[in-house]
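Enquirer: Please find work-v8.cif (mmCIF, C-alpha atoms) on the next line:
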data_structure
loop_
_atom_site.group_PDB
_atom_site.id
_atom_site.type_symbol
_atom_site.label_atom_id
_atom_site.label_comp_id
_atom_site.auth_asym_id
_atom_site.auth_seq_id
_atom_site.Cartn_x
_atom_site.Cartn_y
_atom_site.Cartn_z
ATOM 1 C CA MET A 1 40.044 -34.748 -58.447
ATOM 2 C CA ARG A 2 42.160 -35.320 -61.516
ATOM 3 C CA PRO A 3 42.739 -38.468 -63.570
ATOM 4 C CA ILE A 4 45.595 -40.734 -62.494
ATOM 5 C CA GLY A 5 45.474 -42.564 -65.823
ATOM 6 C CA VAL A 6 43.288 -43.726 -68.660
ATOM 7 C CA ILE A 7 41.452 -46.960 -69.439
ATOM 8 C CA HIS A 8 41.812 -48.447 -72.909
ATOM 9 C CA SER A 9 38.956 -50.707 -73.951
ATOM 10 C CA PRO A 10 37.550 -52.203 -77.166
ATOM 11 C CA PHE A 11 34.396 -50.086 -76.780
ATOM 12 C CA THR A 12 34.142 -46.815 -78.670
ATOM 13 C CA ASP A 13 30.356 -46.632 -78.739
ATOM 14 C CA THR A 14 27.944 -46.996 -75.826
ATOM 15 C CA ASN A 15 25.728 -49.275 -77.926
ATOM 16 C CA GLN A 16 28.430 -51.976 -78.042
ATOM 17 C CA MET A 17 29.019 -52.126 -74.340
ATOM 18 C CA PRO A 18 28.415 -54.833 -71.763
ATOM 19 C CA ILE A 19 25.948 -53.808 -69.067
ATOM 20 C CA GLN A 20 28.298 -54.585 -66.175
ATOM 21 C CA SER A 21 31.873 -55.791 -65.773
ATOM 22 C CA SER A 22 30.518 -59.051 -64.308
ATOM 23 C CA THR A 23 29.090 -59.940 -67.736
ATOM 24 C CA SER A 24 32.151 -58.818 -69.717
ATOM 25 C CA GLU A 25 35.043 -60.923 -70.941
ATOM 26 C CA ALA A 26 36.538 -57.972 -72.769
ATOM 27 C CA ILE A 27 40.228 -57.261 -72.274
ATOM 28 C CA GLY A 28 41.438 -53.736 -71.551
ATOM 29 C CA GLN A 29 44.513 -51.854 -70.428
ATOM 30 C CA VAL A 30 44.554 -49.631 -67.372
ATOM 31 C CA GLU A 31 47.329 -47.126 -68.013
ATOM 32 C CA VAL A 32 48.497 -45.342 -64.887
ATOM 33 C CA TYR A 33 50.382 -42.113 -65.551
ATOM 34 C CA PRO A 34 54.103 -42.471 -64.755
ATOM 35 C CA GLU A 35 53.987 -40.031 -61.836
ATOM 36 C CA PHE A 36 51.685 -42.465 -59.986
ATOM 37 C CA ASP A 37 53.100 -45.832 -61.048
ATOM 38 C CA ASP A 38 55.061 -46.362 -57.813
ATOM 39 C CA GLY A 39 51.616 -46.732 -56.201
ATOM 40 C CA LEU A 40 51.147 -49.976 -58.169
ATOM 41 C CA GLN A 41 53.713 -51.872 -56.087
ATOM 42 C CA ASP A 42 52.245 -55.137 -54.700
ATOM 43 C CA ILE A 43 49.149 -54.871 -56.891
ATOM 44 C CA ASP A 44 50.010 -57.933 -58.975
ATOM 45 C CA GLU A 45 49.401 -60.115 -55.900
ATOM 46 C CA PHE A 46 45.694 -59.252 -56.104
ATOM 47 C CA SER A 47 43.522 -61.046 -58.646
ATOM 48 C CA HIS A 48 40.678 -58.512 -58.780
ATOM 49 C CA LEU A 49 40.558 -54.718 -58.609
ATOM 50 C CA HIS A 50 37.942 -52.035 -58.177
ATOM 51 C CA LEU A 51 38.330 -49.311 -60.788
ATOM 52 C CA LEU A 52 36.819 -45.896 -60.093
ATOM 53 C CA TYR A 53 36.536 -43.698 -63.170
ATOM 54 C CA VAL A 54 34.668 -40.836 -64.783
ATOM 55 C CA PHE A 55 31.633 -41.460 -66.995
ATOM 56 C CA HIS A 56 33.186 -38.911 -69.338
ATOM 57 C CA CYS A 57 30.577 -39.288 -72.078
ATOM 58 C CA SER A 58 27.559 -38.770 -69.875
ATOM 59 C CA SER A 59 26.238 -35.234 -70.200
ATOM 60 C CA GLY A 60 24.531 -33.852 -67.143
ATOM 61 C CA TYR A 61 22.416 -35.896 -64.792
ATOM 62 C CA VAL A 62 18.852 -36.872 -64.137
ATOM 63 C CA LEU A 63 17.242 -37.880 -60.853
ATOM 64 C CA HIS A 64 14.857 -40.374 -62.455
ATOM 65 C CA VAL A 65 16.191 -42.700 -65.094
ATOM 66 C CA LYS A 66 15.169 -45.884 -66.880
ATOM 67 C CA PRO A 67 17.876 -48.454 -66.152
ATOM 68 C CA PHE A 68 19.229 -50.453 -69.127
ATOM 69 C CA LEU A 69 17.730 -53.554 -67.540
ATOM 70 C CA ASP A 70 14.306 -52.159 -66.677
ATOM 71 C CA ASP A 71 11.424 -50.399 -68.365
ATOM 72 C CA HIS A 72 10.308 -48.191 -65.471
ATOM 73 C CA PRO A 73 12.053 -45.012 -64.374
ATOM 74 C CA ARG A 74 13.849 -45.341 -61.025
ATOM 75 C CA GLY A 75 15.649 -42.968 -58.716
ATOM 76 C CA VAL A 76 19.167 -42.626 -60.105
ATOM 77 C CA PHE A 77 20.725 -43.697 -56.770
ATOM 78 C CA ALA A 78 18.774 -46.978 -57.035
ATOM 79 C CA THR A 79 20.541 -47.640 -60.367
ATOM 80 C CA ARG A 80 24.080 -47.807 -61.739
ATOM 81 C CA HIS A 81 23.184 -45.488 -64.633
ATOM 82 C CA PRO A 82 26.012 -43.161 -65.788
ATOM 83 C CA CYS A 83 23.976 -39.920 -65.696
ATOM 84 C CA ARG A 84 24.587 -39.233 -61.983
ATOM 85 C CA PRO A 85 25.205 -35.957 -60.127
ATOM 86 C CA ASN A 86 28.838 -37.036 -59.666
ATOM 87 C CA PRO A 87 29.518 -39.213 -62.737
ATOM 88 C CA ILE A 88 31.778 -41.768 -61.041
ATOM 89 C CA GLY A 89 31.770 -45.334 -62.333
ATOM 90 C CA LEU A 90 32.706 -48.408 -60.306
ATOM 91 C CA SER A 91 33.688 -51.753 -61.851
ATOM 92 C CA VAL A 92 35.462 -54.869 -60.646
ATOM 93 C CA VAL A 93 37.953 -56.318 -63.142
ATOM 94 C CA ARG A 94 40.303 -59.300 -63.084
ATOM 95 C CA LEU A 95 43.995 -58.443 -63.202
ATOM 96 C CA ILE A 96 45.769 -60.557 -65.817
ATOM 97 C CA GLU A 97 49.211 -58.995 -65.507
ATOM 98 C CA ARG A 98 51.093 -55.822 -64.772
ATOM 99 C CA ASN A 99 53.488 -54.479 -67.377
ATOM 100 C CA GLY A 100 55.148 -51.476 -65.742
ATOM 101 C CA ASN A 101 52.522 -48.753 -65.523
ATOM 102 C CA VAL A 102 49.946 -50.706 -67.548
ATOM 103 C CA LEU A 103 47.580 -53.282 -66.056
ATOM 104 C CA GLU A 104 46.117 -55.846 -68.460
ATOM 105 C CA VAL A 105 42.625 -56.630 -67.159
ATOM 106 C CA GLU A 106 39.604 -58.717 -68.064
ATOM 107 C CA GLY A 107 36.014 -57.557 -67.642
ATOM 108 C CA VAL A 108 36.087 -53.983 -68.879
ATOM 109 C CA ASP A 109 32.677 -52.348 -69.317
ATOM 110 C CA MET A 110 33.689 -48.756 -69.913
ATOM 111 C CA LEU A 111 34.414 -46.711 -73.025
ATOM 112 C CA ASP A 112 37.869 -46.451 -74.540
ATOM 113 C CA GLY A 113 39.629 -43.386 -73.172
ATOM 114 C CA THR A 114 37.821 -43.376 -69.829
ATOM 115 C CA PRO A 115 39.642 -41.214 -67.243
ATOM 116 C CA LEU A 116 40.802 -43.304 -64.261
ATOM 117 C CA LEU A 117 40.342 -41.876 -60.744
ATOM 118 C CA ASP A 118 41.418 -44.691 -58.430
ATOM 119 C CA ILE A 119 42.318 -48.368 -58.129
ATOM 120 C CA LYS A 120 41.516 -50.342 -54.973
ATOM 121 C CA PRO A 121 42.145 -54.028 -54.312
ATOM 122 C CA TYR A 122 39.023 -56.196 -54.235
ATOM 123 C CA VAL A 123 38.958 -57.977 -50.871
ATOM 124 C CA PRO A 124 36.106 -60.438 -50.246
ATOM 125 C CA ASP A 125 36.179 -59.790 -46.480
ATOM 126 C CA PHE A 126 35.447 -56.112 -47.175
ATOM 127 C CA ASP A 127 33.395 -56.312 -50.365
ATOM 128 C CA ILE A 128 31.106 -59.331 -50.226
ATOM 129 C CA ARG A 129 27.702 -59.126 -48.553
ATOM 130 C CA LEU A 130 25.234 -61.987 -48.353
ATOM 131 C CA ASP A 131 21.480 -61.939 -47.616
ATOM 132 C CA VAL A 132 21.013 -59.018 -49.970
ATOM 133 C CA ARG A 133 17.730 -57.624 -51.336
ATOM 134 C CA THR A 134 17.964 -55.986 -54.763
ATOM 135 C CA GLY A 135 14.634 -54.272 -55.380
ATOM 136 C CA TRP A 136 13.624 -53.820 -59.037
ATOM 137 C CA TYR A 137 16.762 -55.610 -60.192
ATOM 138 C CA ALA A 138 15.659 -58.931 -58.634
ATOM 139 C CA LYS A 139 13.081 -59.320 -61.412
ATOM 140 C CA ARG A 140 15.543 -58.329 -64.158
ATOM 141 C CA SER A 141 18.563 -60.392 -63.234
ATOM 142 C CA ILE A 142 21.172 -60.676 -65.978
ATOM 143 C CA LYS A 143 22.497 -63.968 -64.624
ATOM 144 C CA MET B 1 32.549 -33.136 -58.390
ATOM 145 C CA ARG B 2 30.610 -31.654 -55.528
ATOM 146 C CA PRO B 3 29.029 -33.285 -52.489
ATOM 147 C CA ILE B 4 25.452 -34.508 -52.843
ATOM 148 C CA GLY B 5 25.107 -34.834 -49.084
ATOM 149 C CA VAL B 6 26.904 -35.570 -45.841
ATOM 150 C CA ILE B 7 27.408 -38.700 -43.756
ATOM 151 C CA HIS B 8 26.768 -38.486 -40.015
ATOM 152 C CA SER B 9 28.603 -41.094 -37.961
ATOM 153 C CA PRO B 10 29.578 -41.666 -34.315
ATOM 154 C CA PHE B 11 33.271 -41.256 -35.224
ATOM 155 C CA THR B 12 34.912 -37.896 -34.692
ATOM 156 C CA ASP B 13 38.460 -39.181 -34.400
ATOM 157 C CA THR B 14 40.307 -41.522 -36.782
ATOM 158 C CA ASN B 15 41.646 -43.491 -33.806
ATOM 159 C CA GLN B 16 38.143 -44.676 -32.869
ATOM 160 C CA MET B 17 37.226 -45.978 -36.275
ATOM 161 C CA PRO B 18 36.536 -49.463 -37.566
ATOM 162 C CA ILE B 19 38.984 -50.578 -40.258
ATOM 163 C CA GLN B 20 36.287 -51.423 -42.815
ATOM 164 C CA SER B 21 32.511 -51.209 -43.009
ATOM 165 C CA SER B 22 32.368 -55.019 -43.005
ATOM 166 C CA THR B 23 33.614 -55.018 -39.396
ATOM 167 C CA SER B 24 31.392 -52.135 -38.247
ATOM 168 C CA GLU B 25 28.014 -52.336 -36.548
ATOM 169 C CA ALA B 26 27.909 -48.571 -36.103
ATOM 170 C CA ILE B 27 24.756 -46.743 -37.128
ATOM 171 C CA GLY B 28 24.956 -43.585 -39.212
ATOM 172 C CA GLN B 29 22.760 -41.249 -41.218
ATOM 173 C CA VAL B 30 23.343 -40.531 -44.878
ATOM 174 C CA GLU B 31 21.812 -37.103 -45.461
ATOM 175 C CA VAL B 32 21.186 -36.352 -49.123
ATOM 176 C CA TYR B 33 20.750 -32.658 -49.892
ATOM 177 C CA PRO B 34 17.129 -31.821 -50.786
ATOM 178 C CA GLU B 35 17.962 -30.921 -54.399
ATOM 179 C CA PHE B 36 18.975 -34.564 -54.979
ATOM 180 C CA ASP B 37 16.466 -36.439 -52.837
ATOM 181 C CA ASP B 38 14.208 -37.360 -55.777
ATOM 182 C CA GLY B 39 17.095 -39.611 -56.838
ATOM 183 C CA LEU B 40 16.418 -41.781 -53.759
ATOM 184 C CA GLN B 41 13.162 -43.166 -55.157
ATOM 185 C CA ASP B 42 13.137 -47.006 -55.084
ATOM 186 C CA ILE B 43 16.269 -47.148 -52.917
ATOM 187 C CA ASP B 44 14.460 -48.597 -49.909
ATOM 188 C CA GLU B 45 13.931 -51.838 -51.864
ATOM 189 C CA PHE B 46 17.685 -52.465 -51.706
ATOM 190 C CA SER B 47 19.186 -53.845 -48.505
ATOM 191 C CA HIS B 48 22.795 -52.761 -49.123
ATOM 192 C CA LEU B 49 24.352 -49.687 -50.709
ATOM 193 C CA HIS B 50 27.758 -48.603 -51.908
ATOM 194 C CA LEU B 51 28.664 -45.176 -50.579
ATOM 195 C CA LEU B 52 31.321 -43.150 -52.395
ATOM 196 C CA TYR B 53 32.661 -40.253 -50.374
ATOM 197 C CA VAL B 54 35.621 -37.955 -49.821
ATOM 198 C CA PHE B 55 38.347 -38.803 -47.303
ATOM 199 C CA HIS B 56 38.102 -35.168 -46.230
ATOM 200 C CA CYS B 57 40.565 -35.448 -43.364
ATOM 201 C CA SER B 58 43.364 -37.021 -45.352
ATOM 202 C CA SER B 59 45.978 -34.431 -46.273
ATOM 203 C CA GLY B 60 47.808 -35.079 -49.493
ATOM 204 C CA TYR B 61 48.795 -38.514 -50.709
ATOM 205 C CA VAL B 62 51.647 -40.966 -50.647
ATOM 206 C CA LEU B 63 52.465 -43.680 -53.186
ATOM 207 C CA HIS B 64 53.831 -46.085 -50.568
ATOM 208 C CA VAL B 65 51.923 -46.525 -47.345
ATOM 209 C CA LYS B 66 51.775 -48.921 -44.416
ATOM 210 C CA PRO B 67 48.226 -50.304 -44.324
ATOM 211 C CA PHE B 68 46.451 -50.318 -40.944
ATOM 212 C CA LEU B 69 46.492 -54.120 -41.092
ATOM 213 C CA ASP B 70 50.116 -54.609 -42.145
ATOM 214 C CA ASP B 71 53.586 -53.606 -41.038
ATOM 215 C CA HIS B 72 55.229 -53.275 -44.456
ATOM 216 C CA PRO B 73 54.763 -50.345 -46.804
ATOM 217 C CA ARG B 74 52.716 -51.203 -49.905
ATOM 218 C CA GLY B 75 51.816 -49.389 -53.095
ATOM 219 C CA VAL B 76 48.810 -47.210 -52.226
ATOM 220 C CA PHE B 77 46.694 -48.782 -55.006
ATOM 221 C CA ALA B 78 47.241 -52.197 -53.365
ATOM 222 C CA THR B 79 45.623 -50.795 -50.178
ATOM 223 C CA ARG B 80 42.408 -49.045 -49.130
ATOM 224 C CA HIS B 81 44.360 -46.342 -47.276
ATOM 225 C CA PRO B 82 42.763 -42.847 -47.318
ATOM 226 C CA CYS B 83 45.874 -40.959 -48.474
ATOM 227 C CA ARG B 84 45.288 -41.552 -52.205
ATOM 228 C CA PRO B 85 45.836 -39.262 -55.213
ATOM 229 C CA ASN B 86 42.039 -38.948 -55.508
ATOM 230 C CA PRO B 87 40.821 -39.341 -51.907
ATOM 231 C CA ILE B 88 37.628 -41.262 -52.687
ATOM 232 C CA GLY B 89 36.362 -43.780 -50.129
ATOM 233 C CA LEU B 90 34.153 -46.775 -50.905
ATOM 234 C CA SER B 91 32.073 -48.615 -48.285
ATOM 235 C CA VAL B 92 29.148 -51.017 -48.360
ATOM 236 C CA VAL B 93 26.494 -50.319 -45.711
ATOM 237 C CA ARG B 94 23.181 -51.925 -44.830
ATOM 238 C CA LEU B 95 20.123 -49.737 -45.333
ATOM 239 C CA ILE B 96 17.890 -49.833 -42.263
ATOM 240 C CA GLU B 97 15.304 -47.311 -43.417
ATOM 241 C CA ARG B 98 14.733 -44.201 -45.452
ATOM 242 C CA ASN B 99 13.271 -41.155 -43.750
ATOM 243 C CA GLY B 100 12.761 -38.613 -46.525
ATOM 244 C CA ASN B 101 16.215 -37.417 -47.559
ATOM 245 C CA VAL B 102 17.993 -39.277 -44.744
ATOM 246 C CA LEU B 103 19.058 -42.933 -44.948
ATOM 247 C CA GLU B 104 19.606 -44.737 -41.646
ATOM 248 C CA VAL B 105 22.396 -47.231 -42.270
ATOM 249 C CA GLU B 106 24.452 -49.822 -40.407
ATOM 250 C CA GLY B 107 28.157 -50.387 -40.942
ATOM 251 C CA VAL B 108 29.567 -46.872 -41.163
ATOM 252 C CA ASP B 109 33.362 -46.654 -41.113
ATOM 253 C CA MET B 110 33.869 -43.020 -41.998
ATOM 254 C CA LEU B 111 34.238 -39.838 -39.969
ATOM 255 C CA ASP B 112 31.290 -37.704 -38.944
ATOM 256 C CA GLY B 113 30.745 -34.978 -41.521
ATOM 257 C CA THR B 114 32.144 -36.939 -44.454
ATOM 258 C CA PRO B 115 31.100 -35.411 -47.805
ATOM 259 C CA LEU B 116 28.990 -37.848 -49.851
ATOM 260 C CA LEU B 117 29.683 -38.166 -53.590
ATOM 261 C CA ASP B 118 27.429 -40.996 -54.741
ATOM 262 C CA ILE B 119 25.152 -43.855 -53.703
ATOM 263 C CA LYS B 120 24.868 -47.017 -55.797
ATOM 264 C CA PRO B 121 22.819 -50.126 -55.048
ATOM 265 C CA TYR B 122 24.842 -53.181 -54.046
ATOM 266 C CA VAL B 123 23.953 -55.985 -56.470
ATOM 267 C CA PRO B 124 25.565 -59.394 -55.875
ATOM 268 C CA ASP B 125 25.449 -60.256 -59.604
ATOM 269 C CA PHE B 126 27.596 -57.177 -60.301
ATOM 270 C CA ASP B 127 29.653 -56.931 -57.134
ATOM 271 C CA ILE B 128 30.583 -60.408 -55.928
ATOM 272 C CA ARG B 129 33.653 -62.172 -57.279
ATOM 273 C CA LEU B 130 34.798 -65.616 -56.175
ATOM 274 C CA ASP B 131 38.214 -67.297 -56.566
ATOM 275 C CA VAL B 132 39.950 -64.128 -55.475
ATOM 276 C CA ARG B 133 43.625 -63.706 -54.478
ATOM 277 C CA THR B 134 44.322 -60.934 -51.966
ATOM 278 C CA GLY B 135 48.117 -60.549 -51.788
ATOM 279 C CA TRP B 136 49.502 -59.170 -48.507
ATOM 280 C CA TYR B 137 46.007 -59.026 -47.004
ATOM 281 C CA ALA B 138 45.604 -62.826 -47.104
ATOM 282 C CA LYS B 139 48.063 -63.103 -44.189
ATOM 283 C CA ARG B 140 46.394 -60.272 -42.243
ATOM 284 C CA SER B 141 42.762 -61.186 -42.546
ATOM 285 C CA ILE B 142 40.458 -59.391 -40.107
ATOM 286 C CA LYS B 143 37.864 -62.162 -40.225
#
How does this structure look as structure tokens?

Expert:
Amino acid sequence: MRPIGVIHSPFTDTNQMPIQSSTSEAIGQVEVYPEFDDGLQDIDEFSHLHLLYVFHCSSGYVLHVKPFLDDHPRGVFATRHPCRPNPIGLSVVRLIERNGNVLEVEGVDMLDGTPLLDIKPYVPDFDIRLDVRTGWYAKRSIK
Amino acid sequence: MRPIGVIHSPFTDTNQMPIQSSTSEAIGQVEVYPEFDDGLQDIDEFSHLHLLYVFHCSSGYVLHVKPFLDDHPRGVFATRHPCRPNPIGLSVVRLIERNGNVLEVEGVDMLDGTPLLDIKPYVPDFDIRLDVRTGWYAKRSIK
């Protein structure tokens, strides 16, 4: 695994950051390194994208962690906390426009300078599930 | 990055496989290695999980690829094709039950023996987007 680009965001400090991309209106730039930019063909026809990236400022991992939205420790795989054995982040952002190898997006919730691992189109047929139970989160909903 | 477990599925050949987890009713077992199983606490309260894993049978990558559902080559980042610069797969599965360090799940769409990188809870508030445009896929919908 090696970065295919870098995400530019307004956030330089974890204290400033939105909890999830779904609550963020922040604008960012997803810069794809030139050697990979041919892979962006057709992407501007999609309105929303999954970004996979490295939580590059998390140091090590824990198996029990207190989520930002809760006050009890939970198993890390029952949370979206950054301190994970493989520190991969997943966010859905809205694509505003493509300018060559740079994607202007809305809804960033990661730190400036975050290493980008992958971009996948968001497809409701693949990505939406209904009748979902959400455990501890159901009592802490941010919406 | 190193595997935190392995996914057992009925699929030993890419030709047999469902195109996405959303079209799969196949049952699989997500085995988390014992050193990480404390991280599964609380997970059985969630009905659906994101699995992040390695496309371990893809060899190398291409920047233009013909998606399984289309007959024109597209930029790889506008597809979910496995031959990506960082071969990370993303699927949503339904959790049936947890048995210690093994999660019984429905909706597997990966090969038997797939290395597991991460598990995240699926949370509609974070993961569902409406008013979505889906480019080439809109004409090839599998639903």

Enquirer: Given the file shown, enumerate the residues that the PyMOL selection byres ((chain A) within 6 of (chain B)) captures and present them as a list in words.

Expert: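 Matching residues under the PyMOL selection byres ((chain A) within 6 of (chain B)) are Met1, Ser22, Asp38, Gly39, Leu40, Gln41, Asp42, Ile43, Glu45, Phe46, Ser47, Leu63, Gly75, Val76, Phe77, Ala78, Asn86, Ile119, Lys120, Pro121, Phe126, Ile128, Val132, Arg133, Thr134 and Gly135 of chain A.
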
Enquirer: How many Å separate CA of Glu31 in chain A from CA of Gly60 in chain B?

Expert: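 Distance between the two atoms: 22.1 Å.
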
Enquirer: Run the PyMOL selection byres ((chain B and resi 7) around 7) mentally over the shown coordinates, then write out the matched residues as JSON, numbers by chain, using the chain letters and numbers from the document.

Expert: {"B": [5, 6, 8, 9, 29, 30, 31, 112, 113, 114, 115, 116]}

Enquirer: Go ahead and write the residues just picked, C-alpha atoms, as a tab-separated table (two decimals), in the frame of the given file.

Expert:
chain	number	residue	atom	x	y	z
B	5	GLY	CA	25.11	-34.83	-49.08
B	6	VAL	CA	26.90	-35.57	-45.84
B	8	HIS	CA	26.77	-38.49	-40.02
B	9	SER	CA	28.60	-41.09	-37.96
B	29	GLN	CA	22.76	-41.25	-41.22
B	30	VAL	CA	23.34	-40.53	-44.88
B	31	GLU	CA	21.81	-37.10	-45.46
B	112	ASP	CA	31.29	-37.70	-38.94
B	113	GLY	CA	30.74	-34.98	-41.52
B	114	THR	CA	32.14	-36.94	-44.45
B	115	PRO	CA	31.10	-35.41	-47.80
B	116	LEU	CA	28.99	-37.85	-49.85

Enquirer: Could you list, as a VMD selection string, every residue within 9 Å of Phe11 in chain A, counting all atoms listed in the file and ignoring same-chain residues fewer than 2 positions away?

Expert: chain A and resid 8 to 9 13 to 17 108 to 112

Enquirer: Hey, can you spit out that residue selection with C-alpha atoms as a PDB file, keeping the file's coordinate frame?

Expert:
ATOM      1  CA  HIS A   8      41.812 -48.447 -72.909  1.00  0.00           C
ATOM      2  CA  SER A   9      38.956 -50.707 -73.951  1.00  0.00           C
ATOM      3  CA  ASP A  13      30.356 -46.632 -78.739  1.00  0.00           C
ATOM      4  CA  THR A  14      27.944 -46.996 -75.826  1.00  0.00           C
ATOM      5  CA  ASN A  15      25.728 -49.275 -77.926  1.00  0.00           C
ATOM      6  CA  GLN A  16      28.430 -51.976 -78.042  1.00  0.00           C
ATOM      7  CA  MET A  17      29.019 -52.126 -74.340  1.00  0.00           C
ATOM      8  CA  VAL A 108      36.087 -53.983 -68.879  1.00  0.00           C
ATOM      9  CA  ASP A 109      32.677 -52.348 -69.317  1.00  0.00           C
ATOM     10  CA  MET A 110      33.689 -48.756 -69.913  1.00  0.00           C
ATOM     11  CA  LEU A 111      34.414 -46.711 -73.025  1.00  0.00           C
ATOM     12  CA  ASP A 112      37.869 -46.451 -74.540  1.00  0.00           C
TER      13      ASP A 112
END

Enquirer: State, in Å with one decimal place, the distance from CA of Val105 in chain B to CA of Tyr61 in chain B.

Expert: 29.1 Å

Enquirer: To one decimal place in Å, what is the distance between CA of Ile96 in chain B and CA of Phe68 in chain A?

Expert: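 Taking CA of Ile96 in chain B and CA of Phe68 in chain A, their separation equals 26.9 Å.
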
Enquirer: Hey, could you pull the box centre and edge lengths for range 59-71 of chain B, axis-aligned, 5 Å padding per side, all listed atoms, to one decimal in Å, as lines of an AutoDock Vina configuration file?

Expert:
center_x = 49.9
center_y = -44.5
center_z = -47.1
size_x = 17.9
size_y = 30.2
size_z = 22.2

Enquirer: Which one is closest to Pro10 in chain B: B:Phe55, B:Gly107, B:Val32, B:Pro82? Count all atoms listed in the file.

Expert: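 That would be B:Gly107, the residue with the smallest distance to Pro10 in chain B.
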
Enquirer: Mind rebuilding range 131-136 of chain A with all heavy atoms and writing that out as a PDB file, in the frame of the given file?

Expert:
ATOM      1  N   ASP A 131      22.830 -62.311 -48.061  1.00  0.00           N
ATOM      2  CA  ASP A 131      21.480 -61.939 -47.616  1.00  0.00           C
ATOM      3  C   ASP A 131      21.120 -60.539 -48.083  1.00  0.00           C
ATOM      4  O   ASP A 131      20.807 -59.648 -47.280  1.00  0.00           O
ATOM      5  CB  ASP A 131      21.358 -62.025 -46.082  1.00  0.00           C
ATOM      6  CG  ASP A 131      21.564 -63.448 -45.593  1.00  0.00           C
ATOM      7  OD1 ASP A 131      21.093 -64.373 -46.280  1.00  0.00           O
ATOM      8  OD2 ASP A 131      22.199 -63.624 -44.541  1.00  0.00           O
ATOM      9  N   VAL A 132      21.201 -60.346 -49.375  1.00  0.00           N
ATOM     10  CA  VAL A 132      21.013 -59.018 -49.970  1.00  0.00           C
ATOM     11  C   VAL A 132      19.678 -58.979 -50.704  1.00  0.00           C
ATOM     12  O   VAL A 132      19.317 -59.925 -51.399  1.00  0.00           O
ATOM     13  CB  VAL A 132      22.189 -58.734 -50.946  1.00  0.00           C
ATOM     14  CG1 VAL A 132      21.933 -57.468 -51.737  1.00  0.00           C
ATOM     15  CG2 VAL A 132      23.495 -58.646 -50.178  1.00  0.00           C
ATOM     16  N   ARG A 133      18.944 -57.877 -50.542  1.00  0.00           N
ATOM     17  CA  ARG A 133      17.730 -57.624 -51.336  1.00  0.00           C
ATOM     18  C   ARG A 133      18.070 -56.611 -52.423  1.00  0.00           C
ATOM     19  O   ARG A 133      18.760 -55.619 -52.149  1.00  0.00           O
ATOM     20  CB  ARG A 133      16.619 -57.052 -50.466  1.00  0.00           C
ATOM     21  CG  ARG A 133      15.816 -58.088 -49.700  1.00  0.00           C
ATOM     22  CD  ARG A 133      14.627 -57.443 -48.978  1.00  0.00           C
ATOM     23  NE  ARG A 133      15.057 -56.388 -48.058  1.00  0.00           N
ATOM     24  CZ  ARG A 133      14.824 -55.093 -48.221  1.00  0.00           C
ATOM     25  NH1 ARG A 133      14.141 -54.650 -49.256  1.00  0.00           N
ATOM     26  NH2 ARG A 133      15.261 -54.223 -47.321  1.00  0.00           N
ATOM     27  N   THR A 134      17.544 -56.828 -53.641  1.00  0.00           N
ATOM     28  CA  THR A 134      17.964 -55.986 -54.763  1.00  0.00           C
ATOM     29  C   THR A 134      16.800 -55.340 -55.517  1.00  0.00           C
ATOM     30  O   THR A 134      16.937 -55.006 -56.700  1.00  0.00           O
ATOM     31  CB  THR A 134      18.837 -56.789 -55.758  1.00  0.00           C
ATOM     32  OG1 THR A 134      18.090 -57.922 -56.209  1.00  0.00           O
ATOM     33  CG2 THR A 134      20.117 -57.261 -55.114  1.00  0.00           C
ATOM     34  N   GLY A 135      15.686 -55.123 -54.829  1.00  0.00           N
ATOM     35  CA  GLY A 135      14.634 -54.272 -55.380  1.00  0.00           C
ATOM     36  C   GLY A 135      14.240 -54.631 -56.804  1.00  0.00           C
ATOM     37  O   GLY A 135      14.080 -55.812 -57.135  1.00  0.00           O
ATOM     38  N   TRP A 136      14.083 -53.605 -57.653  1.00  0.00           N
ATOM     39  CA  TRP A 136      13.624 -53.820 -59.037  1.00  0.00           C
ATOM     40  C   TRP A 136      14.535 -54.775 -59.792  1.00  0.00           C
ATOM     41  O   TRP A 136      14.094 -55.493 -60.690  1.00  0.00           O
ATOM     42  CB  TRP A 136      13.515 -52.479 -59.783  1.00  0.00           C
ATOM     43  CG  TRP A 136      14.821 -51.769 -59.962  1.00  0.00           C
ATOM     44  CD1 TRP A 136      15.328 -50.775 -59.166  1.00  0.00           C
ATOM     45  CD2 TRP A 136      15.813 -52.000 -60.976  1.00  0.00           C
ATOM     46  NE1 TRP A 136      16.564 -50.386 -59.615  1.00  0.00           N
ATOM     47  CE2 TRP A 136      16.881 -51.116 -60.728  1.00  0.00           C
ATOM     48  CE3 TRP A 136      15.900 -52.863 -62.062  1.00  0.00           C
ATOM     49  CZ2 TRP A 136      18.031 -51.072 -61.522  1.00  0.00           C
ATOM     50  CZ3 TRP A 136      17.048 -52.831 -62.860  1.00  0.00           C
ATOM     51  CH2 TRP A 136      18.091 -51.937 -62.588  1.00  0.00           C
TER      52      TRP A 136
END
